[in-house]
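Participant: So that you have it, the file is model-v3.cif, and it contains mmCIF, C-alpha atoms and all ligand atoms:
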data_final
loop_
_atom_site.label_atom_id
_atom_site.label_comp_id
_atom_site.auth_asym_id
_atom_site.auth_seq_id
_atom_site.Cartn_x
_atom_site.Cartn_y
_atom_site.Cartn_z
CA MET A 176 42.18 -77.16 13.81
CA ARG A 177 43.92 -74.41 15.75
CA PHE A 178 46.63 -75.36 18.25
CA PRO A 179 47.13 -73.23 21.34
CA ASP A 180 50.08 -70.86 21.07
CA SER A 181 51.65 -72.41 24.18
CA LEU A 182 52.46 -75.50 22.12
CA PHE A 183 54.83 -73.46 19.97
CA GLN A 184 56.45 -71.30 22.62
CA ASN A 185 59.57 -73.39 23.15
CA ILE A 186 59.89 -74.86 19.69
CA SER A 187 62.81 -73.59 17.61
CA PHE A 188 61.93 -72.21 14.20
CA PRO A 189 64.53 -71.09 11.66
CA CYS A 190 64.89 -67.32 11.31
CA PRO A 191 62.33 -66.31 8.63
CA GLY A 192 64.81 -63.75 7.30
CA CYS A 193 67.82 -66.03 6.67
CA ASP A 194 66.92 -69.61 7.72
CA SER A 195 69.64 -69.66 10.42
CA ASP A 196 68.94 -71.43 13.75
CA ASP A 197 69.65 -68.26 15.69
CA ALA A 198 66.07 -66.93 16.03
CA PRO A 199 64.19 -66.69 19.35
CA PRO A 200 61.98 -69.72 20.19
CA GLY A 201 58.37 -69.83 19.07
CA GLY A 202 59.02 -68.08 15.75
CA ARG A 203 58.44 -64.74 17.47
CA GLY A 204 61.35 -62.82 16.01
CA PHE A 205 64.40 -62.68 13.82
CA CYS A 206 68.02 -63.67 14.46
CA PRO A 207 70.33 -60.89 15.75
CA ALA A 208 71.86 -60.33 12.27
CA CYS A 209 68.44 -59.90 10.59
CA THR A 210 67.17 -57.78 13.50
CA ALA A 211 70.11 -55.40 12.95
CA LYS A 212 69.40 -55.21 9.21
CA LEU A 213 65.73 -54.33 9.83
CA HIS A 214 66.72 -51.10 11.66
CA ILE A 215 63.86 -51.61 14.16
CA TYR A 216 62.88 -48.30 15.74
CA PRO A 217 64.33 -48.09 19.27
CA ASP A 218 61.96 -47.79 22.25
CA ASP A 219 63.45 -44.42 23.24
CA MET A 220 62.95 -42.83 19.80
CA LEU A 221 60.63 -39.83 19.60
CA PHE A 222 57.70 -41.17 17.55
CA CYS A 223 55.55 -39.18 15.14
CA PRO A 224 51.86 -39.63 16.08
CA GLY A 225 50.93 -39.32 12.41
CA CYS A 226 52.94 -42.28 11.11
CA GLY A 227 54.85 -44.02 13.93
CA GLY A 228 58.18 -43.13 12.26
CA PRO A 229 60.88 -40.87 13.71
CA HIS A 230 59.72 -37.39 14.74
CA ASP A 231 62.16 -35.01 13.07
CA GLY A 232 60.94 -31.59 14.15
CA ALA A 233 59.30 -29.44 16.77
CA LEU A 234 55.85 -29.53 15.18
CA ALA A 235 52.98 -31.88 16.01
CA VAL A 236 53.90 -34.40 13.30
CA CYS A 237 57.01 -35.23 11.23
CA SER A 238 57.85 -33.41 7.99
CA GLN A 239 56.50 -36.28 5.87
CA CYS A 240 53.13 -36.20 7.64
CA LEU A 241 53.01 -32.40 7.36
CA ALA A 242 52.97 -32.83 3.57
CA GLU A 243 49.83 -35.01 3.79
CA PRO A 244 46.23 -34.16 4.70
CA VAL A 245 45.50 -34.00 8.45
CA ARG A 246 45.61 -37.47 9.96
CA LEU A 247 42.28 -38.94 11.01
CA TRP A 248 43.89 -40.83 13.93
CA GLN A 249 45.39 -39.68 17.17
CA SER A 250 48.45 -41.91 17.29
CA ALA A 251 50.44 -44.34 15.19
CA ALA A 252 52.84 -47.20 15.82
CA ALA A 253 55.39 -48.62 13.37
CA VAL A 254 58.14 -51.20 13.73
CA PHE A 255 60.82 -50.42 11.13
CA PRO A 256 61.42 -48.30 8.01
CA TYR A 257 60.15 -49.64 4.68
CA TYR A 258 63.60 -49.73 3.18
CA GLY A 259 66.31 -52.23 2.16
CA PHE A 260 66.07 -55.56 3.95
CA GLY A 261 62.79 -54.70 5.73
CA LYS A 262 61.18 -53.73 2.41
CA LYS A 263 62.39 -56.98 0.84
CA LEU A 264 60.85 -59.08 3.64
CA ILE A 265 57.54 -57.16 3.56
CA ARG A 266 57.32 -57.70 -0.19
CA GLU A 267 57.94 -61.42 0.27
CA PHE A 268 55.22 -61.45 2.95
CA LYS A 269 52.78 -59.76 0.56
CA PHE A 270 53.60 -61.20 -2.81
CA ALA A 271 55.70 -64.37 -2.45
CA ASN A 272 53.30 -66.57 -0.46
CA ARG A 273 55.26 -66.36 2.79
CA PRO A 274 52.59 -66.06 5.50
CA GLU A 275 55.13 -67.27 8.09
CA PHE A 276 56.34 -63.65 8.34
CA ALA A 277 53.10 -62.84 10.18
CA ARG A 278 54.40 -64.34 13.40
CA PRO A 279 57.65 -62.34 13.85
CA PHE A 280 56.19 -59.15 12.34
CA GLY A 281 53.02 -59.50 14.45
CA ALA A 282 55.03 -60.03 17.65
CA LEU A 283 57.17 -56.97 16.88
CA LEU A 284 54.02 -54.98 16.07
CA ALA A 285 52.55 -55.95 19.45
CA GLN A 286 55.63 -54.44 21.13
CA ALA A 287 55.21 -51.23 19.11
CA VAL A 288 51.51 -51.04 20.04
CA SER A 289 52.36 -51.56 23.73
CA ARG A 290 54.71 -48.58 23.79
CA SER A 291 52.31 -46.33 21.83
CA ASN A 292 50.25 -45.27 24.89
CA PHE A 293 47.05 -46.16 23.03
CA CYS A 294 44.98 -48.98 24.56
CA PRO A 295 42.70 -50.35 21.85
CA ASP A 296 39.51 -52.32 22.56
CA VAL A 297 39.69 -53.95 19.14
CA LEU A 298 42.11 -54.38 16.24
CA VAL A 299 40.70 -53.94 12.72
CA PRO A 300 42.84 -55.08 9.76
CA VAL A 301 42.78 -53.20 6.46
CA PRO A 302 41.12 -55.65 4.04
CA LEU A 303 42.19 -56.77 0.59
CA HIS A 304 39.79 -56.71 -2.30
CA PHE A 305 38.51 -60.24 -2.92
CA SER A 306 40.38 -60.44 -6.24
CA SER A 307 43.71 -59.80 -4.45
CA PHE A 308 42.69 -62.19 -1.69
CA TRP A 309 41.93 -64.84 -4.28
CA ARG A 310 45.39 -64.39 -5.87
CA ARG A 311 47.24 -64.41 -2.55
CA SER A 312 44.97 -66.66 -0.44
CA TYR A 313 45.70 -64.62 2.68
CA ASN A 314 45.47 -61.00 3.78
CA GLN A 315 48.80 -60.00 5.31
CA ALA A 316 47.21 -57.22 7.41
CA GLU A 317 44.70 -59.68 8.88
CA LEU A 318 47.45 -62.18 9.77
CA LEU A 319 49.45 -59.38 11.42
CA ALA A 320 46.37 -58.31 13.40
CA LYS A 321 45.68 -61.86 14.55
CA VAL A 322 49.22 -62.41 15.86
CA CYS A 323 49.29 -58.96 17.45
CA GLY A 324 45.85 -59.53 19.01
CA ARG A 325 46.94 -62.85 20.51
CA GLU A 326 50.11 -61.28 21.94
CA LEU A 327 48.16 -58.43 23.55
CA ASP A 328 44.91 -60.32 24.27
CA ILE A 329 42.86 -57.87 22.20
CA PRO A 330 40.06 -59.11 19.90
CA VAL A 331 40.41 -58.75 16.13
CA ILE A 332 37.31 -57.76 14.17
CA SER A 333 37.46 -57.94 10.39
CA ALA A 334 34.89 -55.17 10.13
CA LEU A 335 35.87 -53.62 6.79
CA ARG A 336 35.36 -54.77 3.22
CA ARG A 337 36.97 -53.30 0.14
CA ILE A 338 34.25 -52.47 -2.34
CA HIS A 339 36.34 -51.95 -5.45
CA ALA A 340 39.88 -52.90 -6.27
CA GLY A 341 40.56 -49.58 -8.00
CA THR A 342 43.76 -48.78 -9.81
CA LYS A 343 46.95 -50.21 -8.36
CA GLN A 344 48.35 -47.66 -5.91
CA ALA A 345 51.81 -47.83 -7.43
CA LYS A 346 50.37 -46.37 -10.66
CA LEU A 347 48.74 -43.42 -8.90
CA GLY A 348 50.25 -40.02 -8.22
CA ARG A 349 50.37 -38.61 -4.69
CA ARG A 350 47.21 -36.54 -5.18
CA GLU A 351 45.32 -39.35 -6.85
CA ARG A 352 46.01 -41.63 -3.91
CA HIS A 353 43.87 -39.37 -1.79
CA VAL A 354 40.92 -40.02 -4.06
CA LEU A 355 40.61 -43.53 -2.72
CA LYS A 356 37.23 -42.59 -1.30
CA LYS A 357 34.42 -45.11 -1.23
CA SER A 358 36.98 -47.91 -1.15
CA PHE A 359 35.74 -49.39 2.11
CA LEU A 360 32.51 -50.45 3.73
CA CYS A 361 31.98 -51.30 7.39
CA VAL A 362 30.10 -54.58 7.68
CA LYS A 363 30.04 -54.79 11.48
CA PRO A 364 29.24 -51.24 12.70
CA ASP A 365 27.42 -52.52 15.83
CA LYS A 366 30.60 -54.17 17.08
CA LEU A 367 32.67 -50.98 16.74
CA LYS A 368 30.32 -48.33 18.13
CA GLY A 369 31.94 -46.54 21.06
CA CYS A 370 35.17 -48.59 20.76
CA ARG A 371 38.80 -47.51 20.79
CA VAL A 372 39.96 -48.95 17.47
CA MET A 373 43.44 -49.68 16.15
CA LEU A 374 43.65 -50.10 12.38
CA ILE A 375 46.34 -52.56 11.28
CA ASP A 376 48.16 -52.59 7.94
CA ASP A 377 51.52 -53.78 6.66
CA VAL A 378 52.94 -50.50 5.29
CA LEU A 379 52.21 -46.78 5.66
CA THR A 380 53.40 -44.68 2.71
CA THR A 381 51.25 -41.56 2.29
CA GLY A 382 48.54 -42.88 4.60
CA ALA A 383 45.84 -42.61 1.91
CA THR A 384 44.56 -46.17 2.33
CA LEU A 385 44.46 -45.85 6.12
CA SER A 386 42.70 -42.47 5.79
CA ALA A 387 39.99 -43.97 3.57
CA ALA A 388 39.45 -46.78 6.09
CA ALA A 389 39.57 -44.32 9.02
CA GLY A 390 36.79 -42.18 7.53
CA VAL A 391 34.52 -45.22 7.33
CA LEU A 392 35.31 -46.24 10.92
CA TRP A 393 34.51 -42.77 12.30
CA ALA A 394 31.17 -42.91 10.49
CA CYS A 395 30.41 -46.08 12.54
CA GLY A 396 30.58 -44.13 15.81
CA ILE A 397 33.96 -45.32 17.14
CA SER A 398 35.31 -43.28 20.08
CA GLU A 399 39.05 -43.22 19.35
CA LEU A 400 41.35 -44.33 16.53
CA ALA A 401 45.02 -45.20 16.13
CA VAL A 402 46.92 -47.02 13.41
CA ALA A 403 49.70 -49.61 13.59
CA VAL A 404 51.87 -50.77 10.70
CA ALA A 405 54.87 -53.05 10.36
CA ALA A 406 56.79 -50.60 8.16
CA ARG A 407 56.78 -46.87 7.46
CA THR A 408 58.29 -45.36 4.29
CA PRO A 409 61.35 -43.36 5.42
CA ALA A 410 61.90 -39.73 4.47
CA PHE A 411 63.83 -39.34 1.21
CA GLY A 412 67.50 -39.77 1.94
CA ALA A 413 66.94 -40.66 5.60
CA MET A 414 68.34 -44.19 5.22
CA THR A 415 71.28 -43.30 3.02
CA GLN A 416 72.99 -40.82 5.33
ZN ZN B 501 68.08 -64.11 10.24
ZN ZN B 502 54.93 -38.79 10.58
#
What does the file become when written as structure tokens?
Facilitator:
Amino acid sequence: MRFPDSLFQNISFPCPGCDSDDAPPGGRGFCPACTAKLHIYPDDMLFCPGCGGPHDGALAVCSQCLAEPVRLWQSAAAVFPYYGFGKKLIREFKFANRPEFARPFGALLAQAVSRSNFCPDVLVPVPLHFSSFWRRSYNQAELLAKVCGRELDIPVISALRRIHAGTKQAKLGRRERHVLKKSFLCVKPDKLKGCRVMLIDDVLTTGATLSAAAGVLWACGISELAVAVAARTPAFGAMTQ
């Protein structure tokens, strides 16, 4: 049974980052101390359309995106850098059976999508392979998309399937990650044709996974594409200065 969100709006939940009682009602965010530690990108930051991270130059995309193949999407939204405390929480969300992070991360992602100037018709989460799904019992990207979709009143369509688990990305070199081709299959092409699509994932590192998914979506006849992620890997040294 699914309860309407309005039931939860005024209920206090502990902060998912530290268990304090200082979080906003409805479980839609973190306490001020955790929010500060996440280094959430400010609304007035100049965003890179390739990754949603900080734009650090005068070119079309940031220096990290310049080192990657041309992006297959026109804009990107991200919430915070994949570093330190934010990285720790994302890893708990993915690997430590903590689906409750979907609510605050999804609400923050909705804010990032709102300021991105891209108005999607549908949100499409990046899928897990069924073997990973079986181990974890939930797909963190799908949970993020569902919370984000509810916040923005945009439908979520789980239109992609992963067709082989492949080698773990962490074991692959940068070039090998771009050989993730044939990893995805669109199972609902009729529902995406002509749509403005926003692909949702938890983390953007090189963008190889999102690129593989993007190629499949374009082949379905979508009209526009953007990506939104909770966290973006920061440039080397950017968070230690
Ligand atoms: Zn906290
Ligand atoms: Zn970038």
Participant: Show me, as a ChimeraX atom specification, the residues that have an atom within 12 Å of Cys206 of chain A when counting all atoms listed in the file, minus same-chain residues fewer than 4 positions from it.
Facilitator: /A:187-200,202,210-213,279
Participant: Could you name the residues that touch Pro256 of chain A at 9 Å or less, counting only C-alpha atoms, but leaving out those on the same chain fewer than 5 positions away, as a PDB file with C-alpha atoms, keeping the file's coordinate frame?
Facilitator:
ATOM      1  CA  LEU A 213      65.730 -54.330   9.830  1.00  0.00           C
ATOM      2  CA  HIS A 214      66.720 -51.100  11.660  1.00  0.00           C
ATOM      3  CA  ILE A 215      63.860 -51.610  14.160  1.00  0.00           C
ATOM      4  CA  TYR A 216      62.880 -48.300  15.740  1.00  0.00           C
ATOM      5  CA  GLY A 228      58.180 -43.130  12.260  1.00  0.00           C
ATOM      6  CA  GLY A 261      62.790 -54.700   5.730  1.00  0.00           C
ATOM      7  CA  LYS A 262      61.180 -53.730   2.410  1.00  0.00           C
ATOM      8  CA  ALA A 405      54.870 -53.050  10.360  1.00  0.00           C
ATOM      9  CA  ALA A 406      56.790 -50.600   8.160  1.00  0.00           C
ATOM     10  CA  ARG A 407      56.780 -46.870   7.460  1.00  0.00           C
ATOM     11  CA  THR A 408      58.290 -45.360   4.290  1.00  0.00           C
ATOM     12  CA  PRO A 409      61.350 -43.360   5.420  1.00  0.00           C
ATOM     13  CA  MET A 414      68.340 -44.190   5.220  1.00  0.00           C
TER      14      MET A 414
END
Participant: Listing only residues of segment 208-316 of chain A within 12 Å of segment 368-374 of chain A, what is the closest atom pair and its distance in Å (to one decimal) for each, using only C-alpha atoms, sorted by chain and residue number ascending, as JSON lines?
Facilitator:
{"residue": "A:Leu247", "atom": "CA", "partner": "A:Leu374", "partner_atom": "CA", "distance": 11.3}
{"residue": "A:Trp248", "atom": "CA", "partner": "A:Met373", "partner_atom": "CA", "distance": 9.1}
{"residue": "A:Gln249", "atom": "CA", "partner": "A:Met373", "partner_atom": "CA", "distance": 10.2}
{"residue": "A:Ser250", "atom": "CA", "partner": "A:Met373", "partner_atom": "CA", "distance": 9.3}
{"residue": "A:Ala251", "atom": "CA", "partner": "A:Met373", "partner_atom": "CA", "distance": 8.9}
{"residue": "A:Ala252", "atom": "CA", "partner": "A:Met373", "partner_atom": "CA", "distance": 9.7}
{"residue": "A:Ala253", "atom": "CA", "partner": "A:Leu374", "partner_atom": "CA", "distance": 11.9}
{"residue": "A:Leu284", "atom": "CA", "partner": "A:Met373", "partner_atom": "CA", "distance": 11.8}
{"residue": "A:Ala285", "atom": "CA", "partner": "A:Met373", "partner_atom": "CA", "distance": 11.5}
{"residue": "A:Val288", "atom": "CA", "partner": "A:Met373", "partner_atom": "CA", "distance": 9.1}
{"residue": "A:Ser289", "atom": "CA", "partner": "A:Met373", "partner_atom": "CA", "distance": 11.9}
{"residue": "A:Ser291", "atom": "CA", "partner": "A:Met373", "partner_atom": "CA", "distance": 11.1}
{"residue": "A:Asn292", "atom": "CA", "partner": "A:Met373", "partner_atom": "CA", "distance": 11.9}
{"residue": "A:Phe293", "atom": "CA", "partner": "A:Met373", "partner_atom": "CA", "distance": 8.5}
{"residue": "A:Cys294", "atom": "CA", "partner": "A:Arg371", "partner_atom": "CA", "distance": 7.4}
{"residue": "A:Pro295", "atom": "CA", "partner": "A:Arg371", "partner_atom": "CA", "distance": 4.9}
{"residue": "A:Asp296", "atom": "CA", "partner": "A:Arg371", "partner_atom": "CA", "distance": 5.2}
{"residue": "A:Val297", "atom": "CA", "partner": "A:Val372", "partner_atom": "CA", "distance": 5.3}
{"residue": "A:Leu298", "atom": "CA", "partner": "A:Met373", "partner_atom": "CA", "distance": 4.9}
{"residue": "A:Val299", "atom": "CA", "partner": "A:Leu374", "partner_atom": "CA", "distance": 4.9}
{"residue": "A:Pro300", "atom": "CA", "partner": "A:Leu374", "partner_atom": "CA", "distance": 5.7}
{"residue": "A:Val301", "atom": "CA", "partner": "A:Leu374", "partner_atom": "CA", "distance": 6.7}
{"residue": "A:Pro302", "atom": "CA", "partner": "A:Leu374", "partner_atom": "CA", "distance": 10.3}
{"residue": "A:Ala316", "atom": "CA", "partner": "A:Leu374", "partner_atom": "CA", "distance": 9.4}
Participant: Hey, what's within 12 Å of segment 310-313 of chain A if we count all atoms listed in the file and toss same-chain stuff fewer than 2 positions away? As a list in words, please?
Facilitator: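 So the residues in contact are Glu267, Phe268, Lys269, Phe270, Ala271, Asn272, Arg273, Pro274, Glu275, Ala277, Pro302, Leu303, His304, Phe305, Ser306, Ser307, Phe308, Gln315, Ala316, Glu317, Leu318 and Leu319 of chain A.
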Participant: Return as a PyMOL selection string every polymer residue, whether protein, DNA or RNA, with at least one atom no more than 6 Å from an atom of ligand ZN 502 (chain B); count all atoms listed in the file.
Facilitator: chain A and resi 223+225-226+228+236-237+239-240
Participant: Have a look at A:Arg336, A:Arg266, A:Arg278, A:Lys363 and name the one nearest to Cys323 of chain A; count only C-alpha atoms.
Facilitator: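 Counting only C-alpha atoms, the residue closest to Cys323 of chain A is A:Arg278.
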Participant: Looking at A:Ile397, A:Cys209, A:Leu385, A:Val378, which one is nearest to ligand ZN 501 (chain B), with distances taken over all atoms listed in the file?
Facilitator: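 Among A:Ile397, A:Cys209, A:Leu385, A:Val378, it is A:Cys209 that comes nearest to ligand ZN 501 (chain B).
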Participant: As lines of an AutoDock Vina configuration file, please report the centre and edge lengths, rounded to one decimal in Å, of the axis-aligned box that holds all listed atoms of segment 186-200 of chain A with 4 Å of padding on each of the six sides.
Facilitator:
center_x = 64.8
center_y = -69.3
center_z = 13.4
size_x = 17.8
size_y = 19.1
size_z = 21.5
Participant: To one decimal in Å, tell me the separation between atom CA of Tyr257 of chain A and atom CA of Leu283 of chain A.
Facilitator: 14.5 Å
Participant: Take atom CA of Gly382 of chain A and atom CA of Gly227 of chain A and report the distance between them in Å, one decimal.
Facilitator: 11.3 Å
Participant: With distances taken over all atoms listed in the file, which of A:Ala410, A:Ile338, A:Ala287, A:Val362 is nearest to Leu241 of chain A?
Facilitator: A:Ala410
Participant: Nearest to ligand ZN 501 (chain B) among A:Asp219, A:Gly259, A:Leu264, A:Leu234, with distances taken over only C-alpha atoms and all ligand atoms: which residue is it?
Facilitator: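 Result for the nearest residue to ligand ZN 501 (chain B): A:Leu264.
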Participant: Report, in Å with one decimal, the straight-line distance from atom CA of Val322 of chain A to atom CA of Ala282 of chain A.
Facilitator: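 Interatomic distance, atom CA of Val322 of chain A to atom CA of Ala282 of chain A: 6.5 Å.
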Participant: Smallest atom-to-atom distance to ligand ZN 501 (chain B): which of A:Pro207, A:Pro224, A:Gly201, A:Gly390, using all atoms listed in the file?
Facilitator: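 Distance minimum relative to ligand ZN 501 (chain B) lands on A:Pro207.
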Participant: Which is closer to Thr381 of chain A than all the others in A:Pro217, A:Gly281, A:Pro244, A:Gly396, using only C-alpha atoms?
Facilitator: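 Of A:Pro217, A:Gly281, A:Pro244, A:Gly396, the one nearest Thr381 of chain A is A:Pro244, counting only C-alpha atoms.
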Participant: Mind checking which residues fall within 7 Å of Cys395 of chain A, counting all atoms listed in the file, ignoring those fewer than 4 positions away in the same chain, and posting them as a list in words?
Facilitator: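 Here the qualifying residues turn out to be Pro364, Leu367, Lys368 and Val391 of chain A.
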